[in-house]
Amino acid sequence: MRYNLNKLFPFLSIRVKLIIAFTLLSFVPLTIVGLLGLFYNTQSLEKSALENLVHDVSILREKAKNFLGNINMDIQYLKESRVFNTFLKDYYRSEYPGYQGSYVNLTHQICTFMETKKIYYQMFFVDRDGNEVFRVQKVGDGFKIFKPWELSSSGYRFYELLTESLPRDEIAVVPVELLDVLNNEKISSMSFATRIYNQQNEYQGLFIANLFARDFFQVMESKSHITPHRVVAIVNNEGNYLYHSEKKKNWNRLLATREVQNISEEYSPTFSQRILSGKEGIFLDSKTYIAAYAPLFITRFSGGNSYFLFESVEKSYVLGPANRFAFIFVMLLLVFLAISISAGFIATSQLASPIGELKRGAQIIARGNYKYKLKIETNDEIEELANQFNQMADAIRERELRLEEHQKQLEEIVVRRTAELRNEKEKLQAILDNVPSAFLLVDKNKKILSASAAIQKITGFSRQAVLGRKCFEIFSDPSICENCMMATKQSQARPSVFIETQTRNGNDPIYIEHITIPLEINHQYPVFLEILTDITERKKFEEHLIETERLAATGEMAAVIAHEIRNSLTSMKMLLQLEQEGNSEDDLERSREIVLSSIYRIEEVVSNLLRFARPSPPDFQTRDLNQLIEESILLVRPQLEKQRIRLVKELDPKVPEIDIDSNHMKEAIVNLLLNATQAVNGNGEIVVRTQLTVLKHRIDDFVYSDRYNVKTPLEFDKVVIPRGEQVAIVELKDNGAGIPPNYLRNIFDAFFTTKLNGTGLGLTIVKRTVNQHGGIIRVQSKVNEGTTFQIILPIRRKI
């Protein structure tokens, strides 16, 4: 994407732009080099600090591991010593004071051991019954062996639970705070406990050694690569501090016993989660600190707790040299920027003066003084530009003279064309004023822009009176807007037609036809042409024609009834006359059969006429269309077999159930099947096919309307199935004689028939049934090739 700096900064002069460009060309490279140096310096400092932190954590872990290993060796040495084992044998073999000698030897050995190590606060032994057997404790500068009555017989359940799941010779460790009863103070301690077993693997008791926590923490105080500003801490799995290099002020208080001393108070949740994850790693906070961390010791023998070590340092301390470099770099940049701008002002002063002269000359020429000449002598491109300006002024002056001549010619042409257009407009207006129909030009707000003279004859308003008014204000019935294209905001470009009925002064109604045509202007339709025509006389003629057709239909119906009944009565009359003449019994029996057949024929004709004239309302139910066709075929199966007609069924199983009037639709299909059997007339073939499909084109057809229930002229119902609609198609195809082309257009008309004994109502009732289902029936036929009837039914019925 290109950016136009002149549009972004239109207020900058060319001199300022040149100064900015000069400054940027010298200032930007220096800035980039400095920023890269600062970036790599920062990266180097952070990397060095992280390496030092990882190294320190590794050393501290190793020291802590060695320290705890030494403690483990001390305890193993004591409990495996000959003096300790002798004491255990005497204690459980003799009653008090039988073990007194071994007791004295053991306690003195432990005193000597503790005095030598100088890190232990107390050691004691608890027998398997939970009774304290001996205790040696540092008191002041020496060590005290507690008397039997000073020992405790309770309070050791904690150590039993702590060591309960320990394997043999394993030691549990846990930080504790012990109360020194003699001095009434708390002693921070690391408590080590192990179970004692004899050679028969029998549990003998607990040996517990408590050492001063300060001796363990002094390991954490070792020198580091980053001595100042560093923080070394040990936390448990709940985030509470066991040790903190800055928070630890009193060795007799464990930070882990105070819940307020938690890692989450001064570090982010992300850092806290990383520390407590039990993994080694480094953490680099974007703003505050960097740190290295690792598990100190994770063991199931630490009272359910795990302990983690981390060392952190403030990022500001690590990046101190980089920050000082950045400050110095910014100061130097500002000085260099001032020097660059000053040099730019000096260098661009040689360009500003001739450019200003060019600007003033351009302004003079723009005001129309094309005789003005620029005089700039710089012996460079600016002088060449001034000469081009002078040549341009001469060319414009010559062009102006030519334009004046062309303008005079155009004015003459405009005057002539205006007169011609006025003449054409008068002719067109004369034509419109003499046409019986009235023309209105209406905008999208229904405001009348123009009108022909015939508007006064149709509405009673003169042409001048309707201009500027809303179109619906000049009609007698404002409800006509409901059918108008402008009111319904249709976006289609096809004209719309509707008829308005008016009654004036109590006389006969007047019919006004409204034709609305959208006019396309700039590919939009903001203007409409309204054509109003008085069609009262045409309506009267149509009504007369409809009445004539009604009488003709009545005559046709009467003729059919009379013909059928007369034929049947004639047959019955002749048979009765023969009976009077005394024929044989067999002849009389055949005569009765013929009479009954004639009566049935009369009954059938009357039933068809009643069903046609007064059809029963449809009863729609959800049915399987394929099943309905199977039932219809069963009704005509005897006829097919009698005439040896082969029936082929191709029923699509994908056709779903649809809403259908079973009786009427079954009657329609049977009617079509019977017509096919009559057309085939033996040894032929009838194909019945169903199909589920989606229409690719819109189809429509007029709904059947008999002549006894005709609507107002120009008002007809249509069945419309839009494109994309899912439909079921029922197709009945035969290879019979076919229907002549001149009969095809009339086969659905009432009383139209080519059969000697037909009433002409069968296909009429079929079409009415299909239309009632929202469907359309189509027919294709070729003489001597056969006929195909196609019923198209929408899956979703729309009435």
# chains A, B, ... in the order shown; residues from 1 in each chain; ligands from 1

call {"tool": "residues_around", "arguments": {"residues": "range 512-517 of chain A", "least_positions_apart": "6", "cutoff": "6 Å", "atoms": "only C-alpha atoms", "output": "number ranges by chain"}}
result
A: 495-500, 528-535

call {"tool": "residues_around", "arguments": {"residues": "range 399-402 of chain A", "least_positions_apart": "6", "cutoff": "10 Å", "atoms": "only C-alpha atoms", "output": "PDB file with N, CA, C and O atoms, in the first residue's frame"}}
result
ATOM      1  N   GLY A 368      -5.206  34.612 -14.143  1.00  0.00           N
ATOM      2  CA  GLY A 368      -5.538  34.971 -15.524  1.00  0.00           C
ATOM      3  C   GLY A 368      -4.549  35.885 -16.217  1.00  0.00           C
ATOM      4  O   GLY A 368      -4.738  36.238 -17.383  1.00  0.00           O
ATOM      5  N   TYR A 370      -1.788  35.799 -18.094  1.00  0.00           N
ATOM      6  CA  TYR A 370      -0.915  34.889 -18.818  1.00  0.00           C
ATOM      7  C   TYR A 370       0.277  35.579 -19.456  1.00  0.00           C
ATOM      8  O   TYR A 370       1.151  34.905 -20.021  1.00  0.00           O
ATOM      9  N   ALA A 393       2.172  29.228 -19.767  1.00  0.00           N
ATOM     10  CA  ALA A 393       1.313  30.414 -19.753  1.00  0.00           C
ATOM     11  C   ALA A 393       0.971  30.856 -21.166  1.00  0.00           C
ATOM     12  O   ALA A 393      -0.178  31.216 -21.469  1.00  0.00           O
TER      13      ALA A 393
END

call {"tool": "residues_around", "arguments": {"residues": "range 780-790 of chain A", "least_positions_apart": "5", "cutoff": "7 Å", "atoms": "only C-alpha atoms", "output": "list in words"}}
result
Ile729, Val730, Glu731, Leu732, Lys733, Asp734, Asn735, Gly736, Ala737, Gly738, Ile739 and Pro740 of chain A

call {"tool": "write_last_selection", "arguments": {"atoms": "C-alpha atoms", "output": "short mmCIF file (atom, residue, chain, number, x, y, z; two decimals), in the first residue's frame"}}
result
data_model
loop_
_atom_site.label_atom_id
_atom_site.label_comp_id
_atom_site.auth_asym_id
_atom_site.auth_seq_id
_atom_site.Cartn_x
_atom_site.Cartn_y
_atom_site.Cartn_z
CA ILE A 729 -43.96 -35.65 -9.79
CA VAL A 730 -46.52 -38.33 -10.73
CA GLU A 731 -46.26 -39.32 -14.39
CA LEU A 732 -48.72 -41.60 -16.27
CA LYS A 733 -47.55 -42.53 -19.77
CA ASP A 734 -49.20 -44.75 -22.36
CA ASN A 735 -48.36 -45.77 -25.91
CA GLY A 736 -51.91 -45.44 -27.21
CA ALA A 737 -53.48 -43.51 -30.06
CA GLY A 738 -52.61 -40.07 -28.68
CA ILE A 739 -54.63 -36.82 -28.72
CA PRO A 740 -54.85 -34.65 -31.83
#

call {"tool": "atom_distance", "arguments": {"atom1": "CA of Ala233 in chain A", "atom2": "CA of Leu45 in chain A"}}
result
22.9 Å

call {"tool": "residues_around", "arguments": {"residues": "Leu385 in chain A", "least_positions_apart": "4", "cutoff": "12 Å", "atoms": "only C-alpha atoms", "output": "ChimeraX atom specification"}}
result
/A:354-355,357-359,361-362,374-381,389-392

call {"tool": "residues_around", "arguments": {"residues": "range 326-340 of chain A", "least_positions_apart": "6", "cutoff": "7 Å", "atoms": "only C-alpha atoms", "output": "PyMOL selection string"}}
result
chain A and resi 23+27+38

call {"tool": "write_last_selection", "arguments": {"atoms": "C-alpha atoms", "output": "mmCIF file, in the first residue's frame"}}
result
data_model
loop_
_atom_site.group_PDB
_atom_site.id
_atom_site.type_symbol
_atom_site.label_atom_id
_atom_site.label_comp_id
_atom_site.auth_asym_id
_atom_site.auth_seq_id
_atom_site.Cartn_x
_atom_site.Cartn_y
_atom_site.Cartn_z
ATOM 1 C CA THR A 23 17.523 14.796 9.313
ATOM 2 C CA PHE A 27 19.430 10.374 12.246
ATOM 3 C CA LEU A 38 21.132 -1.679 23.235
#

call {"tool": "residues_around", "arguments": {"residues": "range 104-111 of chain A", "least_positions_apart": "5", "cutoff": "10 Å", "atoms": "only C-alpha atoms", "output": "ChimeraX atom specification"}}
result
/A:78,81-87,99,116,122-124,134-138,142-146
